[in-house]
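Listing of structure27.cif; format and content: mmCIF, N, CA and C atoms.
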data_entry
loop_
_atom_site.label_atom_id
_atom_site.label_comp_id
_atom_site.auth_asym_id
_atom_site.auth_seq_id
_atom_site.Cartn_x
_atom_site.Cartn_y
_atom_site.Cartn_z
N MET L 20 0.85 -1.16 0.00
CA MET L 20 0.00 0.00 0.00
C MET L 20 0.90 1.24 0.00
N SER L 21 0.56 2.22 -0.79
CA SER L 21 1.38 3.42 -0.87
C SER L 21 1.24 4.25 0.39
N ARG L 22 2.24 5.07 0.64
CA ARG L 22 2.23 5.94 1.83
C ARG L 22 1.03 6.88 1.80
N ALA L 23 0.67 7.39 0.64
CA ALA L 23 -0.45 8.33 0.53
C ALA L 23 -1.76 7.67 0.97
N ARG L 24 -1.95 6.42 0.68
CA ARG L 24 -3.20 5.74 1.05
C ARG L 24 -3.25 5.44 2.54
N ARG L 25 -2.09 5.32 3.19
CA ARG L 25 -2.07 5.01 4.61
C ARG L 25 -2.11 6.27 5.48
N SER L 26 -1.80 7.42 4.89
CA SER L 26 -1.78 8.64 5.69
C SER L 26 -3.21 9.08 5.99
N THR L 27 -3.33 9.83 7.02
CA THR L 27 -4.64 10.32 7.42
C THR L 27 -4.91 11.68 6.80
N THR L 28 -6.15 12.11 6.84
CA THR L 28 -6.54 13.39 6.29
C THR L 28 -7.08 14.27 7.41
N PRO L 29 -7.16 15.58 7.17
CA PRO L 29 -7.74 16.45 8.21
C PRO L 29 -9.16 16.03 8.60
N GLY L 30 -9.93 15.54 7.65
CA GLY L 30 -11.28 15.09 7.97
C GLY L 30 -11.29 13.90 8.92
N ARG L 31 -10.35 13.00 8.74
CA ARG L 31 -10.26 11.85 9.63
C ARG L 31 -9.79 12.28 11.02
N TRP L 32 -8.87 13.24 11.07
CA TRP L 32 -8.44 13.77 12.37
C TRP L 32 -9.61 14.44 13.07
N ALA L 33 -10.37 15.23 12.32
CA ALA L 33 -11.52 15.92 12.91
C ALA L 33 -12.55 14.92 13.42
N ALA L 34 -12.81 13.88 12.65
CA ALA L 34 -13.76 12.86 13.09
C ALA L 34 -13.27 12.18 14.36
N SER L 35 -11.99 11.86 14.42
CA SER L 35 -11.43 11.23 15.61
C SER L 35 -11.52 12.16 16.82
N ALA L 36 -11.23 13.45 16.62
CA ALA L 36 -11.33 14.42 17.71
C ALA L 36 -12.77 14.55 18.18
N PHE L 37 -13.72 14.56 17.24
CA PHE L 37 -15.14 14.65 17.59
C PHE L 37 -15.57 13.42 18.39
N ALA L 38 -15.09 12.26 18.00
CA ALA L 38 -15.39 11.03 18.75
C ALA L 38 -14.86 11.15 20.17
N GLY L 39 -13.68 11.72 20.34
CA GLY L 39 -13.12 11.93 21.67
C GLY L 39 -13.97 12.89 22.49
N MET L 40 -14.50 13.91 21.83
CA MET L 40 -15.35 14.88 22.52
C MET L 40 -16.64 14.20 23.01
N LEU L 41 -17.23 13.38 22.16
CA LEU L 41 -18.43 12.66 22.58
C LEU L 41 -18.13 11.72 23.75
N ALA L 42 -17.01 11.03 23.68
CA ALA L 42 -16.64 10.11 24.75
C ALA L 42 -16.43 10.87 26.07
N ALA L 43 -15.79 12.02 26.00
CA ALA L 43 -15.56 12.82 27.21
C ALA L 43 -16.88 13.31 27.79
N ASN L 44 -17.83 13.67 26.95
CA ASN L 44 -19.13 14.14 27.43
C ASN L 44 -19.92 13.01 28.09
N ALA L 45 -19.66 11.79 27.71
CA ALA L 45 -20.36 10.65 28.31
C ALA L 45 -19.98 10.47 29.78
N VAL L 46 -18.77 10.84 30.13
CA VAL L 46 -18.25 10.55 31.48
C VAL L 46 -19.04 11.26 32.58
N PRO L 47 -19.17 12.58 32.57
CA PRO L 47 -19.87 13.20 33.70
C PRO L 47 -21.35 12.80 33.79
N HIS L 48 -22.01 12.70 32.64
CA HIS L 48 -23.42 12.34 32.66
C HIS L 48 -23.62 10.92 33.20
N GLY L 49 -22.77 10.00 32.74
CA GLY L 49 -22.89 8.62 33.21
C GLY L 49 -22.54 8.48 34.67
N ALA L 50 -21.45 9.10 35.09
CA ALA L 50 -21.00 8.97 36.47
C ALA L 50 -22.02 9.54 37.45
N VAL L 51 -22.51 10.73 37.16
CA VAL L 51 -23.47 11.36 38.06
C VAL L 51 -24.81 10.63 38.03
N GLY L 52 -25.19 10.17 36.87
CA GLY L 52 -26.44 9.42 36.77
C GLY L 52 -26.40 8.12 37.53
N VAL L 53 -25.28 7.41 37.45
CA VAL L 53 -25.15 6.12 38.13
C VAL L 53 -25.21 6.27 39.64
N VAL L 54 -24.70 7.38 40.17
CA VAL L 54 -24.76 7.57 41.62
C VAL L 54 -26.10 8.16 42.06
N GLY L 55 -27.00 8.37 41.11
CA GLY L 55 -28.36 8.77 41.46
C GLY L 55 -28.58 10.24 41.68
N ARG L 56 -27.75 11.08 41.10
CA ARG L 56 -27.91 12.52 41.28
C ARG L 56 -28.45 13.18 40.03
N GLU L 57 -29.15 14.28 40.23
CA GLU L 57 -29.58 15.10 39.10
C GLU L 57 -28.38 15.86 38.56
N PHE L 58 -28.43 16.17 37.27
CA PHE L 58 -27.31 16.85 36.61
C PHE L 58 -27.85 17.54 35.37
N PRO L 59 -27.24 18.66 34.96
CA PRO L 59 -27.71 19.35 33.77
C PRO L 59 -27.58 18.48 32.52
N SER L 60 -28.57 18.59 31.66
CA SER L 60 -28.50 17.89 30.37
C SER L 60 -29.22 18.75 29.33
N PRO L 61 -29.06 18.41 28.06
CA PRO L 61 -29.76 19.17 27.02
C PRO L 61 -31.28 19.00 27.07
N PHE L 62 -31.77 18.06 27.87
CA PHE L 62 -33.19 17.77 27.91
C PHE L 62 -33.89 18.42 29.09
N ALA L 63 -33.15 19.19 29.87
CA ALA L 63 -33.72 19.87 31.03
C ALA L 63 -34.36 21.19 30.59
N SER L 64 -34.98 21.85 31.53
CA SER L 64 -35.55 23.16 31.26
C SER L 64 -34.94 24.15 32.24
N PRO L 65 -34.19 25.12 31.77
CA PRO L 65 -33.74 25.36 30.40
C PRO L 65 -32.66 24.35 29.98
N PRO L 66 -32.60 24.06 28.69
CA PRO L 66 -31.63 23.08 28.20
C PRO L 66 -30.19 23.40 28.61
N GLY L 67 -29.52 22.39 29.15
CA GLY L 67 -28.12 22.54 29.53
C GLY L 67 -27.89 23.26 30.83
N ARG L 68 -28.94 23.81 31.43
CA ARG L 68 -28.80 24.54 32.68
C ARG L 68 -29.68 23.95 33.79
N GLY L 69 -30.86 23.50 33.41
CA GLY L 69 -31.74 22.87 34.38
C GLY L 69 -31.24 21.47 34.70
N MET L 70 -31.83 20.90 35.71
CA MET L 70 -31.39 19.58 36.16
C MET L 70 -32.28 18.48 35.57
N SER L 71 -31.64 17.41 35.15
CA SER L 71 -32.35 16.23 34.64
C SER L 71 -32.20 15.10 35.63
N PRO L 72 -33.18 14.20 35.66
CA PRO L 72 -33.07 13.06 36.58
C PRO L 72 -31.94 12.13 36.18
N PRO L 73 -31.49 11.31 37.12
CA PRO L 73 -30.35 10.42 36.84
C PRO L 73 -30.54 9.55 35.61
N TRP L 74 -31.72 8.99 35.40
CA TRP L 74 -31.92 8.08 34.27
C TRP L 74 -31.74 8.80 32.93
N VAL L 75 -32.10 10.07 32.87
CA VAL L 75 -31.90 10.84 31.63
C VAL L 75 -30.40 10.99 31.37
N ASN L 76 -29.64 11.26 32.42
CA ASN L 76 -28.20 11.41 32.25
C ASN L 76 -27.52 10.11 31.87
N VAL L 77 -27.98 9.00 32.42
CA VAL L 77 -27.42 7.70 32.03
C VAL L 77 -27.71 7.42 30.56
N LEU L 78 -28.94 7.70 30.13
CA LEU L 78 -29.28 7.51 28.71
C LEU L 78 -28.48 8.45 27.82
N TRP L 79 -28.31 9.70 28.24
CA TRP L 79 -27.53 10.66 27.45
C TRP L 79 -26.07 10.21 27.35
N SER L 80 -25.56 9.65 28.41
CA SER L 80 -24.20 9.11 28.39
C SER L 80 -24.11 7.98 27.37
N ALA L 81 -25.08 7.09 27.37
CA ALA L 81 -25.08 5.96 26.43
C ALA L 81 -25.17 6.45 24.99
N VAL L 82 -25.95 7.49 24.75
CA VAL L 82 -26.05 8.05 23.39
C VAL L 82 -24.69 8.63 22.97
N ASN L 83 -24.01 9.30 23.88
CA ASN L 83 -22.69 9.85 23.58
C ASN L 83 -21.68 8.75 23.28
N ILE L 84 -21.73 7.67 24.05
CA ILE L 84 -20.81 6.54 23.81
C ILE L 84 -21.11 5.91 22.46
N ALA L 85 -22.38 5.71 22.17
CA ALA L 85 -22.76 5.12 20.88
C ALA L 85 -22.34 6.04 19.72
N GLY L 86 -22.52 7.33 19.91
CA GLY L 86 -22.10 8.28 18.87
C GLY L 86 -20.60 8.26 18.66
N SER L 87 -19.86 8.20 19.74
CA SER L 87 -18.40 8.14 19.64
C SER L 87 -17.98 6.88 18.89
N ARG L 88 -18.58 5.78 19.25
CA ARG L 88 -18.26 4.51 18.58
C ARG L 88 -18.63 4.56 17.10
N GLY L 89 -19.78 5.14 16.80
CA GLY L 89 -20.21 5.27 15.42
C GLY L 89 -19.26 6.10 14.59
N VAL L 90 -18.80 7.20 15.16
CA VAL L 90 -17.85 8.05 14.44
C VAL L 90 -16.54 7.30 14.24
N LEU L 91 -16.06 6.62 15.28
CA LEU L 91 -14.82 5.85 15.14
C LEU L 91 -14.95 4.76 14.10
N ASP L 92 -16.09 4.09 14.07
CA ASP L 92 -16.31 3.05 13.07
C ASP L 92 -16.31 3.64 11.66
N SER L 93 -16.75 4.89 11.52
CA SER L 93 -16.80 5.51 10.19
C SER L 93 -15.40 5.81 9.65
N VAL L 94 -14.42 5.92 10.53
CA VAL L 94 -13.04 6.19 10.08
C VAL L 94 -12.15 4.96 10.25
N SER L 95 -12.77 3.80 10.39
CA SER L 95 -12.01 2.57 10.54
C SER L 95 -11.55 2.08 9.17
N PRO L 96 -10.39 1.49 9.01
CA PRO L 96 -9.39 1.25 10.06
C PRO L 96 -8.67 2.54 10.43
N ARG L 97 -8.30 2.62 11.68
CA ARG L 97 -7.63 3.83 12.14
C ARG L 97 -6.21 3.91 11.61
N ARG L 98 -5.76 5.12 11.50
CA ARG L 98 -4.42 5.38 10.96
C ARG L 98 -3.60 6.16 11.97
N PRO L 99 -2.28 6.22 11.74
CA PRO L 99 -1.40 6.94 12.68
C PRO L 99 -1.87 8.37 12.91
N GLY L 100 -1.84 8.79 14.14
CA GLY L 100 -2.22 10.15 14.51
C GLY L 100 -3.67 10.30 14.92
N GLU L 101 -4.51 9.37 14.52
CA GLU L 101 -5.92 9.50 14.83
C GLU L 101 -6.21 9.23 16.31
N GLY L 102 -5.41 8.38 16.94
CA GLY L 102 -5.55 8.17 18.38
C GLY L 102 -5.18 9.42 19.16
N VAL L 103 -4.18 10.12 18.66
CA VAL L 103 -3.79 11.39 19.29
C VAL L 103 -4.91 12.41 19.13
N ALA L 104 -5.51 12.45 17.93
CA ALA L 104 -6.62 13.38 17.69
C ALA L 104 -7.79 13.07 18.63
N PHE L 105 -8.07 11.78 18.84
CA PHE L 105 -9.13 11.37 19.77
C PHE L 105 -8.81 11.90 21.17
N ALA L 106 -7.57 11.68 21.62
CA ALA L 106 -7.16 12.11 22.96
C ALA L 106 -7.21 13.63 23.10
N VAL L 107 -6.79 14.35 22.08
CA VAL L 107 -6.83 15.81 22.12
C VAL L 107 -8.28 16.29 22.19
N GLY L 108 -9.16 15.70 21.37
CA GLY L 108 -10.57 16.06 21.42
C GLY L 108 -11.18 15.80 22.78
N ALA L 109 -10.86 14.64 23.37
CA ALA L 109 -11.37 14.30 24.69
C ALA L 109 -10.83 15.27 25.75
N GLY L 110 -9.55 15.59 25.66
CA GLY L 110 -8.95 16.50 26.63
C GLY L 110 -9.51 17.90 26.55
N VAL L 111 -9.67 18.40 25.34
CA VAL L 111 -10.24 19.74 25.16
C VAL L 111 -11.68 19.77 25.68
N MET L 112 -12.45 18.76 25.34
CA MET L 112 -13.84 18.72 25.80
C MET L 112 -13.90 18.63 27.31
N ALA L 113 -13.02 17.86 27.92
CA ALA L 113 -13.00 17.75 29.38
C ALA L 113 -12.76 19.10 30.04
N VAL L 114 -11.84 19.88 29.49
CA VAL L 114 -11.55 21.21 30.04
C VAL L 114 -12.76 22.13 29.86
N VAL L 115 -13.37 22.09 28.67
CA VAL L 115 -14.54 22.92 28.41
C VAL L 115 -15.69 22.54 29.34
N LEU L 116 -15.93 21.25 29.49
CA LEU L 116 -17.02 20.79 30.37
C LEU L 116 -16.76 21.14 31.83
N THR L 117 -15.51 21.09 32.25
CA THR L 117 -15.18 21.45 33.63
C THR L 117 -15.62 22.88 33.92
N GLY L 118 -15.26 23.79 33.04
CA GLY L 118 -15.66 25.18 33.22
C GLY L 118 -17.16 25.37 33.12
N TYR L 119 -17.78 24.73 32.14
CA TYR L 119 -19.21 24.90 31.93
C TYR L 119 -20.01 24.38 33.12
N PHE L 120 -19.76 23.14 33.52
CA PHE L 120 -20.54 22.56 34.61
C PHE L 120 -20.24 23.26 35.93
N ALA L 121 -19.03 23.73 36.14
CA ALA L 121 -18.72 24.48 37.36
C ALA L 121 -19.57 25.74 37.43
N ARG L 122 -19.68 26.46 36.31
CA ARG L 122 -20.51 27.68 36.28
C ARG L 122 -21.98 27.36 36.50
N VAL L 123 -22.49 26.36 35.80
CA VAL L 123 -23.90 26.01 35.92
C VAL L 123 -24.24 25.60 37.35
N LEU L 124 -23.43 24.75 37.94
CA LEU L 124 -23.71 24.27 39.29
C LEU L 124 -23.50 25.36 40.35
N ARG L 125 -22.55 26.24 40.12
CA ARG L 125 -22.31 27.36 41.06
C ARG L 125 -23.49 28.34 41.04
N ASP L 126 -24.06 28.59 39.85
CA ASP L 126 -25.10 29.57 39.69
C ASP L 126 -26.49 29.08 40.12
N ARG L 127 -26.58 27.85 40.54
CA ARG L 127 -27.89 27.29 40.95
C ARG L 127 -28.37 27.89 42.23
#
What is this structure when it is put down as structure tokens?
Amino acid sequence: MSRARRSTTPGRWAASAFAGMLAANAVPHGAVGVVGREFPSPFASPPGRGMSPPWVNVLWSAVNIAGSRGVLDSVSPRRPGEGVAFAVGAGVMAVVLTGYFARVLRDR
């Protein structure tokens, strides 16, 4: 196989980063839902600021995991650098979510 066919493209990097972002978003919703606490979700009122019951957050976590897996499957087989893109996407999303949820929960 030629080097050009094995190399990745910006679109594949972006897809891998997006998959990482979805995976990172699954973590807080799933963790808080499993311990039985309410947590903000897009399905609350107001969306993203109001509190949703634990089962909604567990389902939202599962949707994020499924979405992440679906995106990863769309760029399969993976190529060099795409794992790094996934990790960068997950890390950036984790930092963004930390700030966002801290503000939302503080302002309650």
| request: Translate the PyMOL selection byres ((chain L and resi 108) around 6.5), as applied to the file shown, into an explicit residue set as a ChimeraX atom specification. | output: /L:35-40,103-107,109-113
Taking the file as shown, find all residues satisfying the PyMOL selection byres ((chain L and resi 99) around 7) and write them as an mmCIF file with N, CA and C atoms, in the coordinates of the input.
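Contents of result-v9.cif, freshly written:
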data_model
loop_
_atom_site.group_PDB
_atom_site.id
_atom_site.type_symbol
_atom_site.label_atom_id
_atom_site.label_comp_id
_atom_site.auth_asym_id
_atom_site.auth_seq_id
_atom_site.Cartn_x
_atom_site.Cartn_y
_atom_site.Cartn_z
ATOM 1 N N ARG L 25 -2.090 5.320 3.190
ATOM 2 C CA ARG L 25 -2.070 5.010 4.610
ATOM 3 C C ARG L 25 -2.110 6.270 5.480
ATOM 4 N N SER L 26 -1.800 7.420 4.890
ATOM 5 C CA SER L 26 -1.780 8.640 5.690
ATOM 6 C C SER L 26 -3.210 9.080 5.990
ATOM 7 N N THR L 27 -3.330 9.830 7.020
ATOM 8 C CA THR L 27 -4.640 10.320 7.420
ATOM 9 C C THR L 27 -4.910 11.680 6.800
ATOM 10 N N ARG L 97 -8.300 2.620 11.680
ATOM 11 C CA ARG L 97 -7.630 3.830 12.140
ATOM 12 C C ARG L 97 -6.210 3.910 11.610
ATOM 13 N N ARG L 98 -5.760 5.120 11.500
ATOM 14 C CA ARG L 98 -4.420 5.380 10.960
ATOM 15 C C ARG L 98 -3.600 6.160 11.970
ATOM 16 N N GLY L 100 -1.840 8.790 14.140
ATOM 17 C CA GLY L 100 -2.220 10.150 14.510
ATOM 18 C C GLY L 100 -3.670 10.300 14.920
ATOM 19 N N GLU L 101 -4.510 9.370 14.520
ATOM 20 C CA GLU L 101 -5.920 9.500 14.830
ATOM 21 C C GLU L 101 -6.210 9.230 16.310
ATOM 22 N N GLY L 102 -5.410 8.380 16.940
ATOM 23 C CA GLY L 102 -5.550 8.170 18.380
ATOM 24 C C GLY L 102 -5.180 9.420 19.160
ATOM 25 N N VAL L 103 -4.180 10.120 18.660
ATOM 26 C CA VAL L 103 -3.790 11.390 19.290
ATOM 27 C C VAL L 103 -4.910 12.410 19.130
#
| request: Using DSSP on the backbone, list every residue of chain L that comes out as helix (DSSP H, G or I), and give them as JSON, numbers by chain. | output: {"L": [22, 23, 24, 25, 29, 30, 31, 32, 33, 34, 35, 36, 37, 38, 39, 40, 41, 42, 43, 44, 45, 46, 47, 48, 49, 50, 51, 52, 53, 73, 74, 75, 76, 77, 78, 79, 80, 81, 82, 83, 84, 85, 86, 87, 88, 89, 90, 91, 92, 93, 101, 102, 103, 104, 105, 106, 107, 108, 109, 110, 111, 112, 113, 114, 115, 116, 117, 118, 119, 120, 121, 122, 123, 124, 125]}
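The shell of residues at most 9 Å from region 56-64 of chain L, with only C-alpha atoms counted and near chain neighbours (fewer than 3 positions) removed, consists of L:Pro47, L:His48, L:Val51, L:Gly52, L:Val53, L:Gly67, L:Arg68, L:Gly69, L:Met70, L:Ser71, L:Pro72, L:Pro73, L:Trp74, L:Val75, L:Asn76, L:Trp79, L:Phe120, L:Val123, L:Leu124.
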| request: Provide the atom C of Val82 (chain L) to atom C of Arg127 (chain L) distance in Å, to one decimal place. | output: 27.5 Å
| query | Neighbours of Ala45 (chain L) within 6.5 Å (only N, CA and C atoms; same-chain residues fewer than 6 positions away dropped), as a ChimeraX atom specification? | reply | /L:79-81,83-84
| remark: Of L:Ala42, L:Ala50, L:Gly118, L:Ala34, the one sitting nearest Ser87 (chain L) when using all atoms listed in the file is L:Ala42
| message | Just to confirm, what's the straight-line distance from CA of Tyr119 (chain L) to CA of Arg31 (chain L) in Å (one decimal)? | response | 27.3 Å
| DSSP on the backbone: what in chain L comes out strand (DSSP E), as a ChimeraX atom specification? | /L:58-59,70-71
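Distance annotation: of L:Trp32, L:Gly86, L:Ser95, L:Val77, the residue with the minimal separation from Val46 (chain L) is L:Val77; atom set is only C-alpha atoms.
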